[in-house]
file model-v6.cif (mmCIF, C-alpha atoms (C1' of nucleotides))
data_start
#
loop_
_atom_site.group_PDB
_atom_site.id
_atom_site.type_symbol
_atom_site.label_atom_id
_atom_site.label_comp_id
_atom_site.auth_asym_id
_atom_site.auth_seq_id
_atom_site.Cartn_x
_atom_site.Cartn_y
_atom_site.Cartn_z
ATOM 1 C CA MET A 1319 -1.616 -12.238 -31.660
ATOM 2 C CA VAL A 1320 -1.741 -10.676 -28.227
ATOM 3 C CA LEU A 1321 -0.744 -13.143 -25.539
ATOM 4 C CA ARG A 1322 -1.012 -12.644 -21.779
ATOM 5 C CA VAL A 1323 1.384 -14.773 -19.711
ATOM 6 C CA ALA A 1324 1.399 -14.737 -15.913
ATOM 7 C CA THR A 1325 3.071 -16.299 -12.898
ATOM 8 C CA TRP A 1326 1.558 -16.607 -9.435
ATOM 9 C CA ASN A 1327 2.519 -18.388 -6.227
ATOM 10 C CA VAL A 1328 -0.928 -19.301 -4.927
ATOM 11 C CA ASN A 1329 0.109 -20.792 -1.538
ATOM 12 C CA SER A 1330 -2.223 -23.806 -1.790
ATOM 13 C CA VAL A 1331 -4.476 -24.136 -4.802
ATOM 14 C CA THR A 1332 -6.943 -25.979 -2.575
ATOM 15 C CA ALA A 1333 -7.316 -23.089 -0.145
ATOM 16 C CA ARG A 1334 -7.192 -20.639 -3.071
ATOM 17 C CA THR A 1335 -9.452 -22.265 -5.678
ATOM 18 C CA GLU A 1336 -12.114 -19.580 -5.513
ATOM 19 C CA ARG A 1337 -9.546 -16.765 -5.791
ATOM 20 C CA VAL A 1338 -7.667 -18.510 -8.614
ATOM 21 C CA VAL A 1339 -10.812 -19.148 -10.633
ATOM 22 C CA GLY A 1340 -11.981 -15.593 -10.000
ATOM 23 C CA TRP A 1341 -8.660 -14.141 -11.103
ATOM 24 C CA LEU A 1342 -8.574 -16.239 -14.287
ATOM 25 C CA GLY A 1343 -12.007 -14.890 -15.112
ATOM 26 C CA SER A 1344 -11.083 -11.247 -14.542
ATOM 27 C CA ALA A 1345 -7.444 -11.058 -15.704
ATOM 28 C CA LYS A 1346 -8.046 -13.451 -18.605
ATOM 29 C CA PRO A 1347 -4.463 -14.679 -18.964
ATOM 30 C CA ASP A 1348 -3.677 -17.066 -21.812
ATOM 31 C CA VAL A 1349 -0.873 -18.876 -20.013
ATOM 32 C CA VAL A 1350 -0.422 -19.084 -16.240
ATOM 33 C CA CYS A 1351 2.400 -20.590 -14.215
ATOM 34 C CA LEU A 1352 1.314 -21.502 -10.694
ATOM 35 C CA GLN A 1353 3.539 -22.415 -7.753
ATOM 36 C CA GLU A 1354 3.029 -23.882 -4.292
ATOM 37 C CA LEU A 1355 -0.002 -25.944 -5.215
ATOM 38 C CA LYS A 1356 0.374 -27.891 -1.948
ATOM 39 C CA THR A 1357 -1.660 -30.735 -3.384
ATOM 40 C CA THR A 1358 -1.370 -33.790 -5.607
ATOM 41 C CA ASP A 1359 -2.116 -33.955 -9.330
ATOM 42 C CA GLU A 1360 -5.444 -35.567 -8.392
ATOM 43 C CA GLY A 1361 -6.202 -32.723 -5.980
ATOM 44 C CA PHE A 1362 -5.779 -29.991 -8.592
ATOM 45 C CA PRO A 1363 -9.075 -28.307 -9.598
ATOM 46 C CA THR A 1364 -8.723 -29.406 -13.223
ATOM 47 C CA ASP A 1365 -12.455 -29.328 -13.934
ATOM 48 C CA GLN A 1366 -12.893 -25.835 -12.559
ATOM 49 C CA VAL A 1367 -10.162 -24.328 -14.713
ATOM 50 C CA ALA A 1368 -11.363 -26.385 -17.696
ATOM 51 C CA ALA A 1369 -14.743 -24.700 -17.326
ATOM 52 C CA LEU A 1370 -12.934 -21.418 -18.102
ATOM 53 C CA GLY A 1371 -11.229 -22.928 -21.137
ATOM 54 C CA TYR A 1372 -7.865 -23.829 -19.617
ATOM 55 C CA GLU A 1373 -5.927 -27.016 -20.097
ATOM 56 C CA ALA A 1374 -3.751 -27.817 -17.105
ATOM 57 C CA ALA A 1375 -0.409 -29.557 -16.714
ATOM 58 C CA THR A 1376 0.387 -30.240 -13.097
ATOM 59 C CA TRP A 1377 3.162 -31.715 -11.006
ATOM 60 C CA GLY A 1378 2.081 -31.981 -7.418
ATOM 61 C CA THR A 1379 2.924 -34.629 -4.853
ATOM 62 C CA GLY A 1380 1.191 -33.448 -1.709
ATOM 63 C CA ARG A 1381 1.683 -31.053 1.107
ATOM 64 C CA TRP A 1382 4.715 -29.159 -0.158
ATOM 65 C CA ASN A 1383 5.693 -27.399 -3.389
ATOM 66 C CA GLY A 1384 3.801 -28.273 -6.585
ATOM 67 C CA VAL A 1385 3.690 -26.416 -9.918
ATOM 68 C CA ALA A 1386 1.206 -26.117 -12.761
ATOM 69 C CA ILE A 1387 0.911 -24.531 -16.182
ATOM 70 C CA LEU A 1388 -2.539 -23.489 -17.374
ATOM 71 C CA SER A 1389 -3.118 -22.571 -20.990
ATOM 72 C CA ARG A 1390 -6.014 -21.673 -23.222
ATOM 73 C CA VAL A 1391 -3.800 -21.496 -26.333
ATOM 74 C CA GLY A 1392 -2.661 -25.116 -26.389
ATOM 75 C CA LEU A 1393 -0.529 -27.225 -24.082
ATOM 76 C CA ALA A 1394 2.078 -29.553 -25.541
ATOM 77 C CA GLU A 1395 5.468 -31.112 -24.913
ATOM 78 C CA VAL A 1396 5.084 -31.036 -21.146
ATOM 79 C CA ARG A 1397 8.220 -31.909 -19.163
ATOM 80 C CA ARG A 1398 8.567 -32.400 -15.424
ATOM 81 C CA GLY A 1399 11.895 -30.978 -14.307
ATOM 82 C CA TRP A 1400 14.902 -31.937 -16.419
ATOM 83 C CA PRO A 1401 17.746 -34.452 -16.276
ATOM 84 C CA GLY A 1402 20.033 -33.638 -13.377
ATOM 85 C CA LEU A 1403 17.451 -31.815 -11.277
ATOM 86 C CA PRO A 1404 18.801 -32.063 -7.700
ATOM 87 C CA GLU A 1405 16.951 -33.869 -4.947
ATOM 88 C CA PHE A 1406 16.549 -32.764 -1.332
ATOM 89 C CA ASP A 1407 16.823 -35.468 1.321
ATOM 90 C CA GLY A 1408 16.515 -38.051 -1.426
ATOM 91 C CA VAL A 1409 13.278 -36.595 -2.765
ATOM 92 C CA LEU A 1410 12.797 -35.183 -6.269
ATOM 93 C CA GLU A 1411 10.512 -32.258 -5.461
ATOM 94 C CA PRO A 1412 7.851 -30.939 -7.859
ATOM 95 C CA ARG A 1413 9.342 -27.520 -8.565
ATOM 96 C CA ALA A 1414 9.677 -27.196 -12.342
ATOM 97 C CA LEU A 1415 7.375 -27.744 -15.277
ATOM 98 C CA THR A 1416 7.923 -26.857 -18.925
ATOM 99 C CA ALA A 1417 5.378 -26.711 -21.724
ATOM 100 C CA THR A 1418 4.727 -25.234 -25.139
ATOM 101 C CA CYS A 1419 1.641 -23.013 -25.056
ATOM 102 C CA GLY A 1420 0.753 -21.817 -28.527
ATOM 103 C CA PRO A 1421 3.576 -19.541 -29.717
ATOM 104 C CA VAL A 1422 5.642 -19.633 -26.518
ATOM 105 C CA ARG A 1423 7.543 -22.170 -24.468
ATOM 106 C CA VAL A 1424 7.571 -21.589 -20.721
ATOM 107 C CA THR A 1425 9.323 -23.110 -17.745
ATOM 108 C CA CYS A 1426 7.450 -22.629 -14.472
ATOM 109 C CA VAL A 1427 9.722 -22.737 -11.424
ATOM 110 C CA TYR A 1428 9.369 -22.780 -7.669
ATOM 111 C CA VAL A 1429 12.953 -22.277 -6.542
ATOM 112 C CA PRO A 1430 13.841 -23.753 -3.131
ATOM 113 C CA ASN A 1431 13.588 -21.266 -0.276
ATOM 114 C CA GLY A 1432 16.998 -21.928 1.261
ATOM 115 C CA ARG A 1433 15.749 -21.444 4.842
ATOM 116 C CA GLU A 1434 19.018 -20.079 6.265
ATOM 117 C CA VAL A 1435 22.433 -19.309 4.838
ATOM 118 C CA GLY A 1436 24.573 -22.360 5.502
ATOM 119 C CA HIS A 1437 21.591 -24.687 5.882
ATOM 120 C CA PRO A 1438 21.590 -27.741 3.575
ATOM 121 C CA HIS A 1439 18.496 -26.246 1.947
ATOM 122 C CA TYR A 1440 20.538 -23.173 0.981
ATOM 123 C CA ASP A 1441 23.122 -25.349 -0.760
ATOM 124 C CA TYR A 1442 20.232 -27.179 -2.414
ATOM 125 C CA LYS A 1443 18.857 -23.829 -3.596
ATOM 126 C CA LEU A 1444 22.181 -22.902 -5.238
ATOM 127 C CA SER A 1445 22.590 -26.344 -6.831
ATOM 128 C CA TRP A 1446 19.003 -26.220 -8.038
ATOM 129 C CA LEU A 1447 19.650 -22.850 -9.676
ATOM 130 C CA ASP A 1448 22.839 -24.161 -11.298
ATOM 131 C CA SER A 1449 20.782 -26.997 -12.695
ATOM 132 C CA LEU A 1450 18.188 -24.514 -13.975
ATOM 133 C CA SER A 1451 20.885 -22.553 -15.788
ATOM 134 C CA ARG A 1452 22.019 -25.655 -17.626
ATOM 135 C CA ALA A 1453 18.441 -26.564 -18.480
ATOM 136 C CA VAL A 1454 17.633 -23.178 -20.028
ATOM 137 C CA THR A 1455 20.820 -22.879 -22.067
ATOM 138 C CA GLU A 1456 19.292 -24.359 -25.200
ATOM 139 C CA PRO A 1457 15.850 -22.656 -25.171
ATOM 140 C CA ALA A 1458 17.525 -19.354 -24.271
ATOM 141 C CA ARG A 1459 19.294 -19.458 -27.624
ATOM 142 C CA ALA A 1460 16.291 -20.677 -29.590
ATOM 143 C CA GLU A 1461 14.193 -18.616 -31.960
ATOM 144 C CA VAL A 1462 10.979 -19.733 -30.281
ATOM 145 C CA PRO A 1463 9.915 -17.211 -27.615
ATOM 146 C CA PHE A 1464 10.894 -18.763 -24.290
ATOM 147 C CA ALA A 1465 10.605 -17.644 -20.687
ATOM 148 C CA VAL A 1466 11.432 -19.074 -17.308
ATOM 149 C CA LEU A 1467 9.150 -17.575 -14.725
ATOM 150 C CA GLY A 1468 8.017 -18.241 -11.222
ATOM 151 C CA ASP A 1469 8.874 -17.810 -7.571
ATOM 152 C CA PHE A 1470 12.667 -17.512 -7.528
ATOM 153 C CA ASN A 1471 12.904 -16.763 -3.805
ATOM 154 C CA ILE A 1472 15.584 -14.194 -4.665
ATOM 155 C CA ALA A 1473 15.340 -10.404 -4.597
ATOM 156 C CA PRO A 1474 17.499 -9.328 -7.560
ATOM 157 C CA THR A 1475 18.688 -6.056 -5.963
ATOM 158 C CA ASP A 1476 18.624 -4.356 -2.587
ATOM 159 C CA ALA A 1477 15.811 -2.147 -3.911
ATOM 160 C CA ASP A 1478 13.658 -5.253 -4.270
ATOM 161 C CA VAL A 1479 13.034 -5.552 -0.524
ATOM 162 C CA TRP A 1480 11.294 -2.974 1.629
ATOM 163 C CA ASP A 1481 14.256 -2.477 3.987
ATOM 164 C CA ILE A 1482 17.581 -4.062 3.122
ATOM 165 C CA SER A 1483 18.934 -3.337 6.597
ATOM 166 C CA LEU A 1484 16.648 -6.052 7.940
ATOM 167 C CA PHE A 1485 18.147 -8.659 5.605
ATOM 168 C CA ALA A 1486 21.706 -8.909 6.900
ATOM 169 C CA ASP A 1487 22.837 -12.537 6.642
ATOM 170 C CA SER A 1488 19.451 -13.540 5.250
ATOM 171 C CA THR A 1489 18.630 -15.738 2.338
ATOM 172 C CA HIS A 1490 17.004 -14.177 -0.755
ATOM 173 C CA VAL A 1491 19.534 -11.329 -0.997
ATOM 174 C CA THR A 1492 22.952 -13.011 -0.860
ATOM 175 C CA ALA A 1493 25.598 -12.638 -3.536
ATOM 176 C CA PRO A 1494 25.658 -16.363 -4.420
ATOM 177 C CA GLU A 1495 21.907 -16.334 -5.034
ATOM 178 C CA ARG A 1496 22.098 -13.177 -7.135
ATOM 179 C CA ALA A 1497 25.042 -14.637 -9.048
ATOM 180 C CA ARG A 1498 22.707 -17.414 -10.208
ATOM 181 C CA LEU A 1499 20.327 -14.821 -11.649
ATOM 182 C CA ALA A 1500 23.266 -13.178 -13.403
ATOM 183 C CA ASP A 1501 24.160 -16.568 -14.807
ATOM 184 C CA LEU A 1502 20.707 -16.888 -16.365
ATOM 185 C CA GLU A 1503 21.291 -13.512 -18.005
ATOM 186 C CA GLY A 1504 24.697 -14.675 -19.185
ATOM 187 C CA ARG A 1505 22.953 -17.425 -21.099
ATOM 188 C CA GLY A 1506 20.920 -14.956 -23.109
ATOM 189 C CA LEU A 1507 17.875 -14.429 -20.911
ATOM 190 C CA VAL A 1508 16.855 -10.914 -19.927
ATOM 191 C CA GLU A 1509 14.717 -9.977 -16.990
ATOM 192 C CA ILE A 1510 11.280 -8.586 -17.791
ATOM 193 C CA HIS A 1511 10.695 -5.821 -15.234
ATOM 194 C CA PRO A 1512 7.049 -5.349 -14.244
ATOM 195 C CA ARG A 1513 5.429 -2.016 -13.447
ATOM 196 C CA ALA A 1514 4.056 -1.382 -9.992
ATOM 197 C CA LEU A 1515 0.382 -0.459 -10.041
ATOM 198 C CA LYS A 1516 0.733 1.349 -6.706
ATOM 199 C CA TYR A 1517 3.723 2.892 -4.880
ATOM 200 C CA ASP A 1518 7.130 2.933 -6.483
ATOM 201 C CA LYS A 1519 8.320 -0.659 -6.291
ATOM 202 C CA PRO A 1520 6.765 -3.679 -8.004
ATOM 203 C CA PHE A 1521 6.823 -5.992 -5.001
ATOM 204 C CA THR A 1522 5.264 -9.409 -5.537
ATOM 205 C CA TYR A 1523 5.246 -10.833 -1.996
ATOM 206 C CA TRP A 1524 4.126 -9.485 1.357
ATOM 207 C CA ASP A 1525 4.250 -11.593 4.520
ATOM 208 C CA TYR A 1526 0.906 -12.316 6.156
ATOM 209 C CA ARG A 1527 2.348 -11.169 9.495
ATOM 210 C CA GLN A 1528 2.850 -7.755 11.036
ATOM 211 C CA LEU A 1529 0.578 -5.905 8.655
ATOM 212 C CA ALA A 1530 3.221 -6.257 5.954
ATOM 213 C CA PHE A 1531 0.815 -5.633 3.084
ATOM 214 C CA PRO A 1532 -0.816 -2.427 4.374
ATOM 215 C CA LYS A 1533 2.647 -1.151 5.281
ATOM 216 C CA ASN A 1534 3.901 -2.218 1.845
ATOM 217 C CA ASN A 1535 6.697 -4.204 3.469
ATOM 218 C CA GLY A 1536 7.140 -6.333 0.397
ATOM 219 C CA MET A 1537 9.695 -8.164 -1.674
ATOM 220 C CA ARG A 1538 10.101 -8.715 -5.399
ATOM 221 C CA ILE A 1539 10.919 -12.399 -5.716
ATOM 222 C CA ASP A 1540 8.539 -13.591 -8.441
ATOM 223 C CA LEU A 1541 10.508 -13.035 -11.626
ATOM 224 C CA VAL A 1542 10.305 -13.445 -15.386
ATOM 225 C CA PHE A 1543 13.319 -14.075 -17.621
ATOM 226 C CA GLY A 1544 12.802 -14.250 -21.367
ATOM 227 C CA ASN A 1545 14.983 -15.023 -24.332
ATOM 228 C CA GLU A 1546 15.475 -12.451 -27.078
ATOM 229 C CA ALA A 1547 12.352 -13.475 -28.991
ATOM 230 C CA PHE A 1548 10.232 -13.354 -25.853
ATOM 231 C CA ALA A 1549 11.650 -10.086 -24.490
ATOM 232 C CA GLY A 1550 11.328 -8.424 -27.871
ATOM 233 C CA ALA A 1551 7.628 -9.251 -27.986
ATOM 234 C CA VAL A 1552 6.750 -7.779 -24.573
ATOM 235 C CA SER A 1553 4.318 -4.871 -24.719
ATOM 236 C CA ASP A 1554 3.614 -4.506 -20.999
ATOM 237 C CA ALA A 1555 4.347 -6.128 -17.647
ATOM 238 C CA PHE A 1556 2.929 -5.399 -14.216
ATOM 239 C CA VAL A 1557 2.271 -6.818 -10.772
ATOM 240 C CA ASP A 1558 -1.427 -7.337 -10.121
ATOM 241 C CA ARG A 1559 -1.225 -6.009 -6.577
ATOM 242 C CA GLU A 1560 -5.012 -5.898 -6.220
ATOM 243 C CA GLU A 1561 -5.046 -9.685 -5.995
ATOM 244 C CA ARG A 1562 -3.068 -9.544 -2.719
ATOM 245 C CA LYS A 1563 -5.985 -7.699 -1.088
ATOM 246 C CA GLY A 1564 -8.854 -9.022 0.962
ATOM 247 C CA LYS A 1565 -9.812 -12.215 2.703
ATOM 248 C CA GLY A 1566 -8.347 -15.419 1.393
ATOM 249 C CA ALA A 1567 -5.522 -13.842 -0.617
ATOM 250 C CA SER A 1568 -2.245 -15.595 -1.341
ATOM 251 C CA ASP A 1569 0.792 -13.884 0.142
ATOM 252 C CA HIS A 1570 2.065 -13.420 -3.436
ATOM 253 C CA ALA A 1571 0.540 -11.293 -6.204
ATOM 254 C CA PRO A 1572 0.486 -12.397 -9.850
ATOM 255 C CA VAL A 1573 3.032 -10.987 -12.293
ATOM 256 C CA VAL A 1574 1.432 -10.393 -15.691
ATOM 257 C CA VAL A 1575 3.297 -10.032 -19.002
ATOM 258 C CA ASP A 1576 1.609 -9.039 -22.253
ATOM 259 C CA LEU A 1577 3.214 -10.016 -25.558
ATOM 260 C CA THR A 1578 2.532 -9.349 -29.183
ATOM 261 C CA VAL A 1579 3.673 -12.452 -31.015
ATOM 262 C "C1'" DA W 980 -3.621 -3.083 22.384
ATOM 263 C "C1'" DT W 981 3.430 -1.765 20.827
ATOM 264 C "C1'" DG W 982 2.051 -7.277 18.411
ATOM 265 C "C1'" DG W 983 -0.595 -8.491 15.132
ATOM 266 C "C1'" DC W 984 -0.228 -14.854 9.693
ATOM 267 C "C1'" DC W 985 -1.496 -19.045 6.930
ATOM 268 C "C1'" DT W 986 -1.425 -23.894 5.323
ATOM 269 C "C1'" DG W 987 -1.865 -28.920 5.641
ATOM 270 C "C1'" DA W 988 -0.696 -32.851 8.155
ATOM 271 C "C1'" DT W 989 2.084 -35.594 12.011
ATOM 272 C "C1'" DC W 990 -4.064 -32.632 13.459
ATOM 273 C "C1'" DT W 991 -5.292 -29.077 19.794
ATOM 274 C "C1'" DT W 992 0.846 -28.643 17.731
ATOM 275 C "C1'" DC W 993 4.079 -28.706 14.289
ATOM 276 C "C1'" DA W 994 7.142 -27.504 10.222
ATOM 277 C "C1'" DG W 995 7.658 -24.541 6.595
ATOM 278 C "C1'" DG W 996 7.188 -20.379 4.416
ATOM 279 C "C1'" DA W 997 10.694 -15.850 3.179
#
call {"tool": "encode", "arguments": {"input": "model-v6.cif", "output": "structure tokens"}}
result
Amino acid sequence: MVLRVATWNVNSVTARTERVVGWLGSAKPDVVCLQELKTTDEGFPTDQVAALGYEAATWGTGRWNGVAILSRVGLAEVRRGWPGLPEFDGVLEPRALTATCGPVRVTCVYVPNGREVGHPHYDYKLSWLDSLSRAVTEPARAEVPFAVLGDFNIAPTDADVWDISLFADSTHVTAPERARLADLEGRGLVEIHPRALKYDKPFTYWDYRQLAFPKNNGMRIDLVFGNEAFAGAVSDAFVDREERKGKGASDHAPVVVDLTV
DNA sequence: ATGGCCTGATCTTCAGGA
């Protein structure tokens, strides 16, 4: 079967409901990982996505963070986080959700931002990523197609930001962060590189400020890592840049991966 | 015009985002 899997940081599913529902209807993904819901489980527009045929697993606690997995090919064995998931300021934040959706198992992640190098949130980001690596060790080796996908808040290479000279001493591009991505690859996951539909680089995020989108001052921080079974089934992958356009857009564009499984 | 954003809550100002 052909399966379309996507990840998208929606920057508030409440503010974005119309755009999310519209995109589901036009892109017709089978499985979607959403990040930054910025609402509670009760606040998620479950009925509106159900009307399009999607089951929804959510983990949202309020104003910050929040992740969901939508599926129209089945939704089973849902797990919130994993044992050993670090807390920040004593709070277990809703940043990871895993589910089996038909033939694939997916882990949806919203990796901590880090704020500034040296900030406690940066240390939290690195610890969180270490915890992720441990959590994916087993599914990475499994025969079931598995992917971890979401907003990693890391640009894998210098080419994944519009101007690396502006990122000296910044989060998102540091060696310790990138080492965590390499660690995922060391556990048998490979990065699925999306095509850009315009310009040369498949950026996934453009700041709302300073005309970043029209200038294409973007970053590629929404990433997909698949195990061998998942990567071997990929037929196409691209960034749906069109969704970043217009009034009421998220500051992130969806990353879409097509599989033949 | 040489700076230009968006969200939700603590709500007319702020933190956080990246």
call {"tool": "closest_atom_pairs", "arguments": {"input": "model-v6.cif", "of": "chain W", "to": "chain A", "cutoff": "10 Å", "atoms": "only C-alpha atoms (C1' of nucleotides)", "output": "Markdown table"}}
result
| residue | atom | partner | partner_atom | distance |
| --- | --- | --- | --- | --- |
| W:DG982 | C1' | A:Gln1528 | CA | 7.4 |
| W:DG983 | C1' | A:Gln1528 | CA | 5.4 |
| W:DC984 | C1' | A:Tyr1526 | CA | 4.5 |
| W:DC985 | C1' | A:Tyr1526 | CA | 7.2 |
| W:DT986 | C1' | A:Ser1330 | CA | 7.2 |
| W:DG987 | C1' | A:Arg1381 | CA | 6.1 |
| W:DA988 | C1' | A:Arg1381 | CA | 7.7 |
| W:DG995 | C1' | A:Trp1382 | CA | 8.7 |
| W:DG996 | C1' | A:Asn1431 | CA | 8.0 |
| W:DA997 | C1' | A:Asn1431 | CA | 7.0 |
call {"tool": "closest_residue", "arguments": {"input": "model-v6.cif", "among": "A:Phe1556, A:Val1323, A:Asn1535, A:Gly1361", "to": "Arg1513 in chain A", "atoms": "all atoms listed in the file"}}
result
A:Phe1556
call {"tool": "atom_distance", "arguments": {"input": "model-v6.cif", "atom1": "CA of Thr1358 in chain A", "atom2": "CA of Ala1571 in chain A"}}
result
22.6 Å
call {"tool": "axis_aligned_box", "arguments": {"input": "model-v6.cif", "around": "range 982-985 of chain W", "padding_each_side": "3 Å", "output": "JSON"}}
result
{"center_x": 0.3, "center_y": -13.2, "center_z": 12.7, "size_x": 9.5, "size_y": 17.8, "size_z": 17.5}
call {"tool": "residues_around", "arguments": {"input": "model-v6.cif", "residues": "range 1412-1415 of chain A", "least_positions_apart": "4", "cutoff": "6 Å", "atoms": "only C-alpha atoms (C1' of nucleotides)", "output": "PyMOL selection string"}}
result
chain A and resi 1377-1378+1384-1385+1397-1399+1425-1428
call {"tool": "residues_around", "arguments": {"input": "model-v6.cif", "residues": "range 1438-1452 of chain A", "least_positions_apart": "5", "cutoff": "6 Å", "atoms": "all atoms listed in the file", "output": "list in words"}}
result
Pro1404, Pro1430, Gly1432 and Leu1502 of chain A
call {"tool": "write_last_selection", "arguments": {"input": "model-v6.cif", "atoms": "C-alpha atoms", "output": "PDB file, keeping the file's coordinate frame"}}
result
ATOM      1  CA  PRO A1404      18.801 -32.063  -7.700  1.00  0.00           C
ATOM      2  CA  PRO A1430      13.841 -23.753  -3.131  1.00  0.00           C
ATOM      3  CA  GLY A1432      16.998 -21.928   1.261  1.00  0.00           C
ATOM      4  CA  LEU A1502      20.707 -16.888 -16.365  1.00  0.00           C
TER       5      LEU A1502
END
call {"tool": "atom_distance", "arguments": {"input": "model-v6.cif", "atom1": "CA of Arg1459 in chain A", "atom2": "CA of Ala1374 in chain A"}}
result
26.7 Å
call {"tool": "atom_distance", "arguments": {"input": "model-v6.cif", "atom1": "CA of Thr1364 in chain A", "atom2": "CA of Val1391 in chain A"}}
result
16.1 Å
call {"tool": "closest_residue", "arguments": {"input": "model-v6.cif", "among": "A:Ile1387, A:Leu1321, A:Val1435, A:Ile1510", "to": "Cys1351 in chain A", "atoms": "all atoms listed in the file"}}
result
A:Ile1387
call {"tool": "resolve_selection", "arguments": {"input": "model-v6.cif", "expression": "the PyMOL selection byres ((chain A and resi 1503) around 12)", "output": "mmCIF file with C-alpha atoms, in the coordinates of the input"}}
result
data_model
loop_
_atom_site.group_PDB
_atom_site.id
_atom_site.type_symbol
_atom_site.label_atom_id
_atom_site.label_comp_id
_atom_site.auth_asym_id
_atom_site.auth_seq_id
_atom_site.Cartn_x
_atom_site.Cartn_y
_atom_site.Cartn_z
ATOM 1 C CA SER A 1451 20.885 -22.553 -15.788
ATOM 2 C CA VAL A 1454 17.633 -23.178 -20.028
ATOM 3 C CA THR A 1455 20.820 -22.879 -22.067
ATOM 4 C CA ALA A 1458 17.525 -19.354 -24.271
ATOM 5 C CA ARG A 1459 19.294 -19.458 -27.624
ATOM 6 C CA ALA A 1465 10.605 -17.644 -20.687
ATOM 7 C CA VAL A 1466 11.432 -19.074 -17.308
ATOM 8 C CA PRO A 1474 17.499 -9.328 -7.560
ATOM 9 C CA ARG A 1496 22.098 -13.177 -7.135
ATOM 10 C CA ALA A 1497 25.042 -14.637 -9.048
ATOM 11 C CA ARG A 1498 22.707 -17.414 -10.208
ATOM 12 C CA LEU A 1499 20.327 -14.821 -11.649
ATOM 13 C CA ALA A 1500 23.266 -13.178 -13.403
ATOM 14 C CA ASP A 1501 24.160 -16.568 -14.807
ATOM 15 C CA LEU A 1502 20.707 -16.888 -16.365
ATOM 16 C CA GLY A 1504 24.697 -14.675 -19.185
ATOM 17 C CA ARG A 1505 22.953 -17.425 -21.099
ATOM 18 C CA GLY A 1506 20.920 -14.956 -23.109
ATOM 19 C CA LEU A 1507 17.875 -14.429 -20.911
ATOM 20 C CA VAL A 1508 16.855 -10.914 -19.927
ATOM 21 C CA GLU A 1509 14.717 -9.977 -16.990
ATOM 22 C CA ILE A 1510 11.280 -8.586 -17.791
ATOM 23 C CA VAL A 1542 10.305 -13.445 -15.386
ATOM 24 C CA PHE A 1543 13.319 -14.075 -17.621
ATOM 25 C CA GLY A 1544 12.802 -14.250 -21.367
ATOM 26 C CA ASN A 1545 14.983 -15.023 -24.332
ATOM 27 C CA GLU A 1546 15.475 -12.451 -27.078
#
call {"tool": "residues_around", "arguments": {"input": "model-v6.cif", "residues": "Ala1375 in chain A", "least_positions_apart": "5", "cutoff": "8 Å", "atoms": "all atoms listed in the file", "output": "PyMOL selection string"}}
result
chain A and resi 1386-1388+1393+1396
call {"tool": "resolve_selection", "arguments": {"input": "model-v6.cif", "expression": "the PyMOL selection byres ((chain A and resi 1319) around 7)", "output": "PDB file with C-alpha atoms, in the frame of the given file"}}
result
ATOM      1  CA  VAL A1320      -1.741 -10.676 -28.227  1.00  0.00           C
ATOM      2  CA  LEU A1321      -0.744 -13.143 -25.539  1.00  0.00           C
ATOM      3  CA  THR A1578       2.532  -9.349 -29.183  1.00  0.00           C
ATOM      4  CA  VAL A1579       3.673 -12.452 -31.015  1.00  0.00           C
TER       5      VAL A1579
END
call {"tool": "closest_residue", "arguments": {"input": "model-v6.cif", "among": "A:Asp1540, A:Glu1561, A:Asp1469, A:Glu1395", "to": "Val1424 in chain A", "atoms": "only C-alpha atoms"}}
result
A:Glu1395
call {"tool": "decode", "arguments": {"input": "model-v6.cif", "residues": "range 986-997 of chain W", "atoms": "C-alpha atoms (C1' of nucleotides)", "output": "compact mmCIF listing (two decimals), in the first residue's frame"}}
result
# COMPACT_ATOMS: atom_id res chain seq x y z
C1' DT W 986 0.41 32.88 20.54
C1' DG W 987 -2.00 32.30 24.95
C1' DA W 988 -2.21 33.65 29.56
C1' DT W 989 -0.30 36.13 34.07
C1' DC W 990 -4.45 39.52 29.59
C1' DT W 991 -3.25 46.54 27.71
C1' DT W 992 2.19 43.24 28.98
C1' DC W 993 4.62 39.20 29.27
C1' DA W 994 7.33 34.85 28.20
C1' DG W 995 8.51 31.86 24.76
C1' DG W 996 9.49 30.72 20.28
C1' DA W 997 14.34 29.62 17.18
